[in-house]
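**Q** Provided herewith: work06.cif, mmCIF, C-alpha atoms.
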data_run
#
loop_
_atom_site.label_atom_id
_atom_site.label_comp_id
_atom_site.auth_asym_id
_atom_site.auth_seq_id
_atom_site.Cartn_x
_atom_site.Cartn_y
_atom_site.Cartn_z
CA MET U 1 -23.28 -22.20 -27.82
CA PRO U 2 -21.04 -23.79 -25.17
CA PRO U 3 -20.52 -27.52 -25.72
CA THR U 4 -21.82 -28.65 -22.33
CA GLU U 5 -23.43 -32.05 -21.85
CA GLU U 6 -26.97 -30.66 -21.99
CA ILE U 7 -26.33 -28.68 -25.17
CA LEU U 8 -24.67 -31.66 -26.85
CA LYS U 9 -27.62 -33.92 -25.92
CA ILE U 10 -30.07 -31.50 -27.51
CA ALA U 11 -27.89 -30.86 -30.57
CA SER U 12 -27.25 -34.55 -31.26
CA GLY U 13 -30.76 -35.77 -30.59
CA LEU U 14 -29.28 -39.07 -29.44
CA PRO U 15 -30.98 -40.82 -26.50
CA ASN U 16 -27.63 -42.23 -25.30
CA ALA U 17 -25.62 -39.00 -25.70
CA SER U 18 -24.31 -39.17 -22.11
CA GLU U 19 -22.99 -42.70 -22.62
CA ILE U 20 -21.24 -41.67 -25.84
CA LEU U 21 -19.61 -38.68 -24.13
CA ASN U 22 -18.41 -40.89 -21.27
CA SER U 23 -17.02 -43.36 -23.77
CA LEU U 24 -15.12 -40.63 -25.63
CA VAL U 25 -13.72 -39.37 -22.31
CA ALA U 26 -12.64 -42.92 -21.38
CA LYS U 27 -10.86 -43.27 -24.70
CA GLU U 28 -9.12 -39.94 -23.98
CA LEU U 29 -10.42 -38.38 -27.17
CA ILE U 30 -12.18 -35.53 -25.35
CA TYR U 31 -12.22 -34.11 -21.82
CA LYS U 32 -14.48 -31.86 -19.77
CA LYS U 33 -13.05 -28.57 -18.56
CA GLU U 34 -13.55 -28.07 -14.83
CA THR U 35 -14.05 -24.31 -15.13
CA ASN U 36 -17.11 -24.34 -17.41
CA ASN U 37 -18.08 -28.03 -17.86
CA CYS U 38 -17.53 -27.76 -21.63
CA TYR U 39 -16.18 -30.70 -23.64
CA VAL U 40 -12.98 -30.14 -25.63
CA PHE U 41 -11.05 -32.38 -28.03
CA LYS U 42 -7.73 -33.60 -26.71
CA THR U 43 -4.70 -32.74 -28.82
CA ARG U 44 -1.20 -34.12 -29.10
CA ALA U 45 0.09 -30.81 -27.82
CA GLY U 46 -2.15 -31.06 -24.78
CA ALA U 47 -0.98 -34.61 -24.09
CA SER U 48 2.65 -33.56 -24.43
CA LEU U 49 2.11 -30.66 -22.05
CA LYS U 50 0.49 -32.88 -19.45
CA SER U 51 3.40 -35.30 -19.72
CA GLU U 52 5.85 -32.47 -19.11
CA ILE U 53 3.87 -31.26 -16.11
CA LYS U 54 3.76 -34.80 -14.73
CA ARG U 55 7.52 -35.10 -15.16
CA ARG U 56 8.14 -31.84 -13.31
CA ARG U 57 5.80 -32.75 -10.46
CA VAL U 58 8.28 -35.39 -9.35
CA LEU U 59 10.99 -32.74 -9.07
CA LYS U 60 8.86 -30.25 -7.09
CA ASP U 61 9.01 -30.67 -3.33
CA SER U 62 6.89 -27.75 -2.10
CA VAL U 63 4.46 -25.05 -3.24
CA ASN U 64 4.56 -21.37 -2.30
CA LEU U 65 0.81 -21.26 -1.77
CA SER U 66 0.75 -17.65 -0.56
CA GLN U 67 2.39 -16.50 -3.81
CA VAL U 68 0.08 -18.65 -5.93
CA PHE U 69 -2.98 -17.14 -4.24
CA SER U 70 -1.58 -13.65 -4.69
CA ASP U 71 -0.97 -14.29 -8.40
CA VAL U 72 -4.49 -15.56 -9.15
CA SER U 73 -6.45 -13.35 -6.75
CA ASN U 74 -8.65 -10.50 -7.91
CA ASN U 75 -8.01 -8.79 -4.55
CA GLN U 76 -4.75 -6.88 -4.36
CA TYR U 77 -5.97 -3.80 -2.46
CA ILE U 78 -8.89 -2.95 -0.20
CA LEU U 79 -10.01 0.69 -0.17
CA PRO U 80 -11.78 2.42 2.75
CA LYS U 81 -14.24 4.21 0.49
CA ARG U 82 -16.02 6.29 3.12
CA TYR U 83 -12.77 7.40 4.74
CA ASN U 84 -11.20 8.26 1.38
CA ASN U 85 -14.23 10.35 0.47
CA THR U 86 -14.13 12.22 3.80
CA TYR U 87 -10.39 12.91 3.71
CA SER U 88 -10.13 13.45 -0.08
CA MET U 89 -7.34 10.94 -0.56
CA THR U 90 -6.69 7.33 -1.56
CA ARG U 91 -5.69 5.10 1.31
CA TYR U 92 -5.42 1.39 0.69
CA PHE U 93 -4.64 -1.79 2.58
CA ARG U 94 -2.69 -4.46 0.74
CA PHE U 95 -4.17 -7.95 0.62
CA GLU U 96 -1.86 -10.83 1.55
CA TYR U 97 -2.50 -14.56 1.87
CA LEU U 98 -0.73 -16.47 4.61
CA ASP U 99 -0.82 -19.95 6.11
CA VAL U 100 -2.42 -19.67 9.55
CA VAL U 101 0.42 -21.76 11.02
CA ASP U 102 3.01 -19.28 9.71
CA PHE U 103 0.98 -16.35 11.05
CA LEU U 104 0.91 -17.84 14.52
CA LYS U 105 4.71 -18.11 14.42
CA LEU U 106 5.20 -14.38 13.74
CA GLU U 107 7.20 -12.54 16.37
CA ASN U 108 7.18 -9.11 14.73
CA VAL U 109 4.55 -7.53 12.51
CA ASP U 110 7.19 -5.61 10.52
CA VAL U 111 7.58 -8.58 8.20
CA LEU U 112 4.02 -7.87 7.02
CA LEU U 113 3.96 -4.07 7.00
CA HIS U 114 7.50 -3.30 5.89
CA ASP U 115 7.87 -5.63 2.93
CA GLY U 116 9.19 -3.01 0.52
CA LYS U 117 5.74 -2.06 -0.76
CA PHE U 118 3.95 1.10 0.33
CA GLN U 119 0.66 0.53 2.13
CA ASP U 120 -1.53 2.11 4.81
CA GLY U 121 -2.19 -1.24 6.39
CA LYS U 122 -2.57 -4.91 5.64
CA VAL U 123 -5.45 -7.34 5.26
CA VAL U 124 -4.07 -10.79 6.05
CA ALA U 125 -6.16 -13.66 4.69
CA LEU U 126 -5.34 -16.82 6.62
CA TYR U 127 -5.88 -20.21 5.01
CA SER U 128 -5.47 -23.63 6.58
CA LEU U 129 -4.39 -27.04 5.33
CA ASP U 130 -6.17 -29.00 8.05
CA ASN U 131 -9.46 -29.02 9.93
CA SER U 132 -8.19 -27.40 13.14
CA ASN U 133 -10.06 -24.32 14.38
CA ARG U 134 -7.43 -21.76 15.40
CA THR U 135 -9.70 -18.76 16.06
CA GLU U 136 -8.69 -18.38 19.71
CA GLN U 137 -5.00 -18.63 18.86
CA ILE U 138 -5.40 -15.94 16.19
CA MET U 139 -7.16 -13.59 18.62
CA LYS U 140 -4.34 -14.05 21.09
CA LYS U 141 -1.69 -13.46 18.41
CA VAL U 142 -3.18 -10.19 17.09
CA ALA U 143 -3.30 -8.87 20.65
CA GLU U 144 0.38 -9.76 21.08
CA LEU U 145 1.42 -8.08 17.84
CA THR U 146 -0.32 -4.82 18.86
CA SER U 147 -0.43 -3.50 15.31
CA TYR U 148 -3.75 -1.76 14.90
CA ASN U 149 -3.63 -1.27 11.13
CA ILE U 150 -3.76 -4.99 10.42
CA ILE U 151 -7.01 -6.82 9.69
CA VAL U 152 -7.14 -10.62 9.77
CA ILE U 153 -9.69 -12.71 7.92
CA TYR U 154 -9.70 -16.44 8.52
CA THR U 155 -11.51 -19.35 6.93
CA GLU U 156 -11.73 -22.63 8.82
CA LYS U 157 -12.37 -24.63 5.68
CA PRO U 158 -9.10 -26.30 4.69
CA PHE U 159 -7.61 -25.80 1.26
CA ALA U 160 -7.79 -29.13 -0.56
CA MET U 161 -6.55 -28.38 -4.07
CA MET U 162 -2.81 -28.48 -3.55
CA ASP U 163 -2.41 -30.40 -6.82
CA LYS U 164 -3.90 -27.44 -8.72
CA ALA U 165 -1.61 -24.98 -6.95
CA ARG U 166 1.39 -27.17 -7.72
CA ASP U 167 0.43 -27.40 -11.39
CA TYR U 168 0.01 -23.62 -11.52
CA GLU U 169 3.55 -23.14 -10.24
CA ILE U 170 4.87 -25.71 -12.71
CA ILE U 171 3.15 -23.87 -15.57
CA GLN U 172 4.85 -20.64 -14.48
CA ASN U 173 8.19 -22.47 -14.47
CA ILE U 174 7.54 -23.83 -17.95
CA LYS U 175 6.62 -20.37 -19.25
CA SER U 176 9.90 -18.96 -17.92
CA ASP U 177 11.93 -21.88 -19.35
CA ASP U 178 13.07 -20.18 -22.56
CA LYS U 179 14.86 -23.21 -23.90
CA PHE U 180 11.89 -25.54 -23.44
CA MET U 181 9.43 -23.04 -24.89
CA LYS U 182 11.63 -22.44 -27.92
CA GLU U 183 11.83 -26.16 -28.60
CA ASN U 184 8.09 -26.68 -27.99
CA GLU U 185 6.37 -23.61 -29.44
CA ILE U 186 3.34 -25.73 -30.33
CA LEU U 187 2.55 -26.00 -26.61
CA SER U 188 2.05 -22.26 -26.12
CA LYS U 189 -1.67 -22.26 -26.86
CA GLU U 190 -2.37 -25.30 -24.69
CA LEU U 191 -0.31 -23.75 -21.90
CA VAL U 192 -2.49 -20.63 -21.88
CA VAL U 193 -5.71 -22.67 -21.83
CA MET U 194 -4.52 -24.87 -18.98
CA GLU U 195 -3.28 -21.87 -16.99
CA GLU U 196 -6.62 -20.08 -17.36
CA ASP U 197 -8.49 -23.17 -16.18
CA ILE U 198 -6.39 -23.52 -13.04
CA GLU U 199 -6.52 -19.78 -12.33
CA LYS U 200 -10.32 -19.89 -12.51
CA ILE U 201 -10.54 -22.84 -10.10
CA LEU U 202 -8.20 -21.22 -7.55
CA SER U 203 -9.70 -17.73 -7.82
CA ASP U 204 -13.18 -19.21 -7.29
CA TYR U 205 -11.93 -20.82 -4.09
CA LEU U 206 -10.51 -17.50 -2.85
CA GLU U 207 -13.70 -15.65 -3.70
CA ASN U 208 -15.90 -18.21 -1.96
CA GLU U 209 -13.77 -18.36 1.19
CA PHE U 210 -12.53 -14.78 1.61
CA GLU U 211 -15.03 -12.53 -0.13
CA GLN U 212 -18.46 -14.06 0.47
CA MET U 213 -20.24 -12.90 3.63
CA GLY U 214 -20.39 -15.59 6.30
CA SER U 215 -17.62 -17.71 4.80
CA HIS U 216 -14.93 -16.40 7.17
CA ILE U 217 -14.36 -14.41 10.33
CA THR U 218 -12.88 -10.91 10.39
CA ILE U 219 -10.71 -9.64 13.24
CA TYR U 220 -9.94 -5.91 13.49
CA TYR U 221 -9.25 -3.18 16.06
CA ASP U 222 -12.06 -0.66 16.45
CA GLY U 223 -10.05 1.93 18.41
CA ASP U 224 -10.87 0.40 21.76
CA LYS U 225 -10.63 -3.38 21.46
CA TRP U 226 -10.10 -6.26 19.06
CA VAL U 227 -13.39 -7.30 17.45
CA LEU U 228 -14.30 -10.67 15.94
CA ASP U 229 -17.07 -10.31 13.35
CA GLU U 230 -18.59 -13.03 11.17
CA ASN U 231 -20.71 -10.74 9.01
CA ILE U 232 -18.78 -7.64 8.04
CA CYS U 233 -17.53 -6.56 4.64
CA THR U 234 -13.74 -6.26 4.58
CA GLY U 235 -13.98 -2.75 3.11
CA ILE U 236 -16.10 -1.59 6.04
CA ALA U 237 -13.60 -3.06 8.51
CA VAL U 238 -10.81 -1.14 6.74
CA ASP U 239 -12.92 2.04 7.04
CA ILE U 240 -13.30 1.51 10.79
CA VAL U 241 -9.58 0.94 11.26
CA CYS U 242 -8.59 4.01 9.21
CA ASN U 243 -10.97 6.27 11.15
CA HIS U 244 -9.14 5.64 14.41
CA PHE U 245 -5.64 4.86 13.16
CA TYR U 246 -5.38 7.91 10.88
CA SER U 247 -7.61 10.24 12.85
CA GLU U 248 -5.44 13.39 12.55
CA THR U 249 -4.96 13.41 8.78
CA VAL U 250 -4.97 16.91 7.30
CA VAL U 251 -7.23 17.10 4.25
CA ILE U 252 -5.35 18.02 1.07
CA ASN U 253 -7.82 17.78 -1.77
CA ASN U 254 -5.50 17.34 -4.72
CA GLU U 255 -4.64 13.85 -5.91
CA LEU U 256 -1.83 15.15 -8.13
CA ILE U 257 0.30 16.04 -5.10
CA ASN U 258 -1.35 14.14 -2.25
CA LYS U 259 0.30 10.80 -2.99
CA GLN U 260 3.29 8.92 -1.65
CA TYR U 261 5.41 9.10 -4.79
CA ILE U 262 5.43 11.96 -7.30
CA LYS U 263 6.61 10.48 -10.59
CA THR U 264 5.41 12.92 -13.26
CA ALA U 265 7.82 15.66 -14.30
CA PRO U 266 5.21 18.50 -14.51
CA ILE U 267 4.06 17.96 -10.91
CA LYS U 268 7.65 17.72 -9.69
CA LYS U 269 8.37 21.02 -11.44
CA SER U 270 5.29 22.70 -9.95
CA ARG U 271 6.18 21.49 -6.46
CA LYS U 272 9.71 22.83 -6.84
CA ILE U 273 8.47 26.27 -7.95
CA ILE U 274 6.09 26.44 -4.98
CA MET U 275 8.92 25.55 -2.58
CA GLN U 276 11.13 28.27 -4.05
CA ASN U 277 8.39 30.82 -3.47
CA ILE U 278 7.80 29.63 0.09
CA LEU U 279 11.51 29.97 0.84
CA GLY U 280 11.36 33.60 -0.23
CA GLU U 281 12.42 33.47 -3.83
CA GLY U 282 9.05 34.59 -5.24
CA PRO U 283 5.57 35.82 -4.28
CA ALA U 284 3.19 33.11 -3.09
CA GLU U 285 0.26 35.54 -3.29
CA SER U 286 -0.02 34.92 -7.01
CA TYR U 287 -1.16 31.37 -6.25
CA LEU U 288 -4.27 32.47 -4.36
CA SER U 289 -6.18 32.59 -7.66
CA GLY U 290 -5.86 31.06 -11.09
CA THR U 291 -5.94 27.56 -12.50
CA SER U 292 -2.25 26.83 -13.07
CA SER U 293 -0.82 23.65 -11.63
CA GLU U 294 1.20 25.66 -9.09
CA ALA U 295 -1.86 27.65 -8.02
CA THR U 296 -4.17 24.65 -7.53
CA ILE U 297 -1.52 22.64 -5.68
CA TYR U 298 -0.55 25.59 -3.47
CA ARG U 299 -4.15 26.31 -2.49
CA ALA U 300 -4.82 22.64 -1.73
CA VAL U 301 -1.68 22.16 0.38
CA MET U 302 -1.32 25.55 2.08
CA VAL U 303 -4.64 27.43 1.99
CA ASN U 304 -7.60 25.02 1.92
CA SER U 305 -5.89 22.70 4.40
CA GLY U 306 -5.61 25.55 6.93
CA ILE U 307 -1.81 25.39 7.14
CA SER U 308 -1.27 29.02 6.15
CA SER U 309 -4.27 30.24 8.16
CA ASP U 310 -3.85 32.38 11.28
CA ASP U 311 -6.56 30.30 12.92
CA LYS U 312 -5.25 26.80 12.27
CA PRO U 313 -7.40 23.70 12.94
CA ASP U 314 -6.23 21.49 15.80
CA ASN U 315 -4.98 18.69 13.52
CA VAL U 316 -2.93 21.21 11.52
CA LYS U 317 -1.39 22.54 14.73
CA LYS U 318 -0.49 18.99 15.74
CA LEU U 319 1.00 18.25 12.32
CA LEU U 320 3.14 21.40 12.28
CA GLY U 321 4.09 20.59 15.86
CA ILE U 322 6.03 17.52 14.73
CA PHE U 323 8.25 19.77 12.58
CA LYS U 324 8.94 22.08 15.52
CA SER U 325 9.59 19.13 17.80
CA PHE U 326 12.00 17.61 15.30
CA PHE U 327 13.97 20.81 14.75
CA ASP U 328 14.12 21.43 18.51
CA SER U 329 15.55 17.94 18.95
CA CYS U 330 18.32 18.78 16.44
CA VAL U 331 19.81 21.45 18.74
CA ASP U 332 23.31 20.32 19.61
CA GLU U 333 22.54 16.84 18.27
CA LYS U 334 22.49 15.60 14.67
CA LYS U 335 19.21 13.85 13.89
CA SER U 336 18.19 11.76 10.88
CA LEU U 337 15.39 13.02 8.63
CA SER U 338 13.87 9.54 8.84
CA ILE U 339 12.56 10.49 12.29
CA LEU U 340 10.49 13.31 10.82
CA VAL U 341 9.37 11.35 7.77
CA ASN U 342 8.22 8.39 9.88
CA ARG U 343 6.20 10.64 12.18
CA PHE U 344 4.72 12.54 9.24
CA CYS U 345 3.64 9.39 7.37
CA GLY U 346 2.80 7.27 10.43
CA LYS U 347 -0.02 7.16 12.96
CA PRO U 348 -2.07 9.32 13.59
CA PHE U 349 -1.40 11.62 10.61
CA GLY U 350 -0.65 9.18 7.80
CA MET U 351 0.29 12.02 5.48
CA ARG U 352 1.63 11.37 1.99
CA ALA U 353 5.32 12.02 1.33
CA GLY U 354 4.48 13.85 -1.89
CA VAL U 355 3.43 16.95 0.06
CA LEU U 356 6.20 16.74 2.66
CA PRO U 357 8.83 18.76 0.72
CA ILE U 358 6.40 21.70 0.54
CA LEU U 359 5.60 21.56 4.26
CA LEU U 360 9.26 21.03 5.13
CA ALA U 361 10.15 24.15 3.11
CA TYR U 362 7.36 26.03 4.91
CA SER U 363 8.60 24.93 8.34
CA LEU U 364 12.21 25.77 7.49
CA SER U 365 11.13 29.24 6.34
CA LYS U 366 9.83 29.86 9.86
CA ARG U 367 13.18 29.01 11.48
CA ASN U 368 15.98 31.55 11.82
CA GLU U 369 18.74 29.41 13.29
CA ASP U 370 21.77 28.36 11.33
CA ILE U 371 20.56 24.98 10.13
CA VAL U 372 23.25 22.59 8.98
CA VAL U 373 22.32 19.73 6.65
CA TYR U 374 24.44 16.59 6.31
CA TYR U 375 24.42 14.04 3.55
CA GLU U 376 25.82 11.09 5.46
CA ASP U 377 28.91 12.78 7.05
CA ARG U 378 29.29 15.58 4.52
CA GLU U 379 27.86 19.06 5.07
CA ILE U 380 25.85 20.34 2.09
CA ALA U 381 23.96 23.47 1.11
CA LEU U 382 20.31 23.78 2.08
CA ASP U 383 18.22 24.50 -1.02
CA VAL U 384 15.07 23.20 -2.72
CA ASP U 385 16.80 20.21 -4.32
CA THR U 386 18.30 19.24 -0.98
CA ILE U 387 14.89 19.39 0.73
CA ILE U 388 13.39 17.12 -1.93
CA ASN U 389 16.26 14.66 -1.60
CA MET U 390 15.92 14.74 2.19
CA VAL U 391 12.39 13.38 1.81
CA ASP U 392 13.29 10.85 -0.89
CA TYR U 393 16.33 9.47 0.99
CA PRO U 394 15.69 10.36 4.64
CA THR U 395 18.12 7.82 6.12
CA LYS U 396 21.03 9.51 4.32
CA TYR U 397 20.28 13.05 5.53
CA SER U 398 20.61 14.63 8.97
CA ILE U 399 20.07 18.08 10.47
CA PHE U 400 22.10 19.84 13.14
CA ILE U 401 21.41 23.18 14.86
CA SER U 402 24.01 24.73 17.12
CA LYS U 403 22.86 25.63 20.64
CA ASP U 404 24.19 29.18 20.31
CA SER U 405 22.13 29.72 17.18
CA ALA U 406 19.03 28.27 18.81
CA ASP U 407 19.50 30.39 21.95
CA LYS U 408 19.93 33.51 19.83
CA ASP U 409 16.78 32.77 17.86
CA ARG U 410 14.84 32.11 21.04
CA TYR U 411 16.05 35.42 22.50
CA LEU U 412 14.98 37.29 19.36
CA TYR U 413 11.60 35.57 19.37
CA ASN U 414 10.97 36.55 22.98
CA LEU U 415 12.11 40.10 22.26
CA TYR U 416 9.80 40.28 19.29
CA ASP U 417 6.93 38.89 21.34
CA LEU U 418 7.53 41.64 23.88
CA PHE U 419 8.00 44.66 21.60
CA ALA U 420 6.62 43.82 18.16
CA ASP U 421 4.19 46.37 16.81
CA LYS U 422 3.33 44.41 13.68
CA ALA U 423 2.06 40.87 13.87
CA ASP U 424 3.65 39.95 10.58
CA LYS U 425 7.11 41.47 11.21
CA ASN U 426 9.92 39.15 10.12
CA LEU U 427 12.37 38.07 12.81
CA SER U 428 15.30 38.63 10.49
CA GLY U 429 14.22 42.28 10.26
CA ILE U 430 14.37 42.60 14.03
CA GLU U 431 17.83 41.11 13.99
CA LEU U 432 19.02 43.83 11.63
CA GLN U 433 17.60 46.58 13.82
CA ILE U 434 19.14 45.31 17.03
CA PHE U 435 22.56 44.17 15.92
#
Rewrite the structure of this file - the entire thing - as structure tokens.

**A**
Amino acid sequence: MPPTEEILKIASGLPNASEILNSLVAKELIYKKETNNCYVFKTRAGASLKSEIKRRRVLKDSVNLSQVFSDVSNNQYILPKRYNNTYSMTRYFRFEYLDVVDFLKLENVDVLLHDGKFQDGKVVALYSLDNSNRTEQIMKKVAELTSYNIIVIYTEKPFAMMDKARDYEIIQNIKSDDKFMKENEILSKELVVMEEDIEKILSDYLENEFEQMGSHITIYYDGDKWVLDENICTGIAVDIVCNHFYSETVVINNELINKQYIKTAPIKKSRKIIMQNILGEGPAESYLSGTSSEATIYRAVMVNSGISSDDKPDNVKKLLGIFKSFFDSCVDEKKSLSILVNRFCGKPFGMRAGVLPILLAYSLSKRNEDIVVYYEDREIALDVDTIINMVDYPTKYSIFISKDSADKDRYLYNLYDLFADKADKNLSGIELQIF
């Protein structure tokens, strides 16, 4: 049973149990843990650790409160569950804590969205260190930033446990101080106990202020205007934002390939084989049935999505249109692949880069110009490995199409459109007949 005051009173049977406990606390023989109100014996190791923390407090000028909150928080991601179910994918908004004063100083939202971590959007939890109500200033700031995949939640209640946050940081410093830890191994157990206590106190604060309904306000864009809501679940707000911000997403119901980064070797291999077949090195028809990895991925990306259909859905037409637009822009002008990747992964499609090499191979197979690929300033061969690398390192790759080649292809296309007697005739076949 937990050694709380009530349990100890009953167990001891002493009428003055509370006075005895207070006396033992005053003599620093025991102490009561803040996290669970249980009494614990003080140890020499615990006293030594507290002395070390006290010594380091003097040397510590400031606390990175945002990082401390991030470390102890149970919220790292917020998922739009209804959207993800509808579009058969996993979108997520990263959760970030920020001082409201720092947020109001932001001049560009890129510092939040382009922080080196992939995300579909950001939930920014604003905390305050004073009693000022900055709701109106926040509403004005989000309108200025004009980034519609950011959600702001704000609690007016000031954070008043800076000493706990400072001690948490000091404990992390002690843990990473190899020399000190080697010389004071006896402190390891006490260090863990103290860290857990502080983590519990801070995480309870975050839960009470940023997760409980009615404890904060939520500001989000609903597709028409910025909305301030005092009683909305953060997950529902993320759902609303995703529904308008990523409204043209093409459904690809295969989580093995429909992700931003493909890290497993078998899926990489399957994707490469599919691309080779699309580029004409093998029959894609064999993928229309069967349960192999290649078959299931091909059907999800090309068939079930509507991409290979003669009667393509409107969002598929729009998605394929960005490939055509990009290639058209490369005529007589070298263009970076980052342009295409950013449009493919950005609003309103929000597609995952894992499927892009397949769709890029598909789009390239429909072009008959002489396409020149550059790695930085060096011309390289266009093959499956190059296409994959173009997606992985888009800023290093560029495409160029000569105007003569584009004009020739356009002439052949128009000629085919005028005289073709088979809807599926290949343009390269026409070229052989005419020239």

**Q** Measure the distance from CA of Asp110 (chain U) to CA of Tyr87 (chain U) in Å and round it to one decimal.

**A**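 It comes out at 26.4 Å.
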
**Q** Please expand the PyMOL selection byres ((chain U and resi 249) around 8) into the concrete residues it hits in this file, giving the result as a PyMOL selection string.

**A** chain U and resi 87+246-248+250-251+315+348-351

**Q** What's around Leu98 (chain U) at 8 Å? Count all atoms listed in the file, leave out sequence neighbours fewer than 2 positions away in its own chain, and write the answer as a ChimeraX atom specification.

**A** /U:66,96,100,102-103,124-127

**Q** When the PyMOL selection byres ((chain U and resi 238) around 12) is applied to the file above, which residues end up in the set, as a ChimeraX atom specification?

**A** /U:77-84,91-95,120-124,148-153,218-222,232-237,239-246

**Q** Once the PyMOL selection byres ((chain U and resi 138) around 9) has been evaluated on this model, what residues remain selected, and can you format them as a ChimeraX atom specification?

**A** /U:100,103-104,134-137,139-143,152,154,219

**Q** Just to be explicit: take each residue in the selection above, keep C-alpha atoms, and write the result as a PDB file, in the frame of the given file.

**A**
ATOM      1  CA  VAL U 100      -2.420 -19.670   9.550  1.00  0.00           C
ATOM      2  CA  PHE U 103       0.980 -16.350  11.050  1.00  0.00           C
ATOM      3  CA  LEU U 104       0.910 -17.840  14.520  1.00  0.00           C
ATOM      4  CA  ARG U 134      -7.430 -21.760  15.400  1.00  0.00           C
ATOM      5  CA  THR U 135      -9.700 -18.760  16.060  1.00  0.00           C
ATOM      6  CA  GLU U 136      -8.690 -18.380  19.710  1.00  0.00           C
ATOM      7  CA  GLN U 137      -5.000 -18.630  18.860  1.00  0.00           C
ATOM      8  CA  MET U 139      -7.160 -13.590  18.620  1.00  0.00           C
ATOM      9  CA  LYS U 140      -4.340 -14.050  21.090  1.00  0.00           C
ATOM     10  CA  LYS U 141      -1.690 -13.460  18.410  1.00  0.00           C
ATOM     11  CA  VAL U 142      -3.180 -10.190  17.090  1.00  0.00           C
ATOM     12  CA  ALA U 143      -3.300  -8.870  20.650  1.00  0.00           C
ATOM     13  CA  VAL U 152      -7.140 -10.620   9.770  1.00  0.00           C
ATOM     14  CA  TYR U 154      -9.700 -16.440   8.520  1.00  0.00           C
ATOM     15  CA  ILE U 219     -10.710  -9.640  13.240  1.00  0.00           C
TER      16      ILE U 219
END

**Q** Report the distance between CA of Ser18 (chain U) and CA of Met161 (chain U) in Å, rounded to one decimal place.

**A**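 Taking CA of Ser18 (chain U) as the start and CA of Met161 (chain U) as the end point, the length is 27.5 Å.
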
**Q** Extract region 164-202 of chain U from the structure I just pasted (atoms: C-alpha atoms) and return it as an mmCIF file, in the first residue's frame.

**A**
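The result, stored in decode-v9.cif:
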data_model
loop_
_atom_site.group_PDB
_atom_site.id
_atom_site.type_symbol
_atom_site.label_atom_id
_atom_site.label_comp_id
_atom_site.auth_asym_id
_atom_site.auth_seq_id
_atom_site.Cartn_x
_atom_site.Cartn_y
_atom_site.Cartn_z
ATOM 1 C CA LYS U 164 10.952 22.716 -11.487
ATOM 2 C CA ALA U 165 11.809 23.330 -15.135
ATOM 3 C CA ARG U 166 15.252 24.588 -14.145
ATOM 4 C CA ASP U 167 15.880 21.532 -11.973
ATOM 5 C CA TYR U 168 14.779 19.275 -14.834
ATOM 6 C CA GLU U 169 17.363 20.859 -17.124
ATOM 7 C CA ILE U 170 20.036 20.567 -14.441
ATOM 8 C CA ILE U 171 19.240 16.864 -14.027
ATOM 9 C CA GLN U 172 19.685 16.374 -17.783
ATOM 10 C CA ASN U 173 23.042 18.145 -17.561
ATOM 11 C CA ILE U 174 24.106 15.927 -14.664
ATOM 12 C CA LYS U 175 23.086 12.785 -16.566
ATOM 13 C CA SER U 176 25.220 13.843 -19.530
ATOM 14 C CA ASP U 177 28.190 14.746 -17.294
ATOM 15 C CA ASP U 178 30.126 11.489 -17.694
ATOM 16 C CA LYS U 179 32.876 12.471 -15.310
ATOM 17 C CA PHE U 180 30.510 13.433 -12.495
ATOM 18 C CA MET U 181 28.363 10.328 -12.962
ATOM 19 C CA LYS U 182 31.400 8.063 -12.944
ATOM 20 C CA GLU U 183 32.606 9.586 -9.687
ATOM 21 C CA ASN U 184 29.112 9.498 -8.124
ATOM 22 C CA GLU U 185 27.519 6.269 -9.338
ATOM 23 C CA ILE U 186 25.581 6.005 -6.075
ATOM 24 C CA LEU U 187 23.471 8.979 -7.194
ATOM 25 C CA SER U 188 22.062 7.224 -10.263
ATOM 26 C CA LYS U 189 19.020 5.766 -8.533
ATOM 27 C CA GLU U 190 18.158 9.019 -6.755
ATOM 28 C CA LEU U 191 18.598 10.895 -10.029
ATOM 29 C CA VAL U 192 15.995 8.717 -11.750
ATOM 30 C CA VAL U 193 13.501 9.125 -8.892
ATOM 31 C CA MET U 194 13.900 12.898 -8.813
ATOM 32 C CA GLU U 195 13.626 13.153 -12.601
ATOM 33 C CA GLU U 196 10.409 11.116 -12.640
ATOM 34 C CA ASP U 197 8.892 13.314 -9.933
ATOM 35 C CA ILE U 198 9.619 16.525 -11.825
ATOM 36 C CA GLU U 199 8.459 15.035 -15.138
ATOM 37 C CA LYS U 200 5.147 14.076 -13.532
ATOM 38 C CA ILE U 201 4.606 17.574 -12.119
ATOM 39 C CA LEU U 202 5.372 19.281 -15.439
#
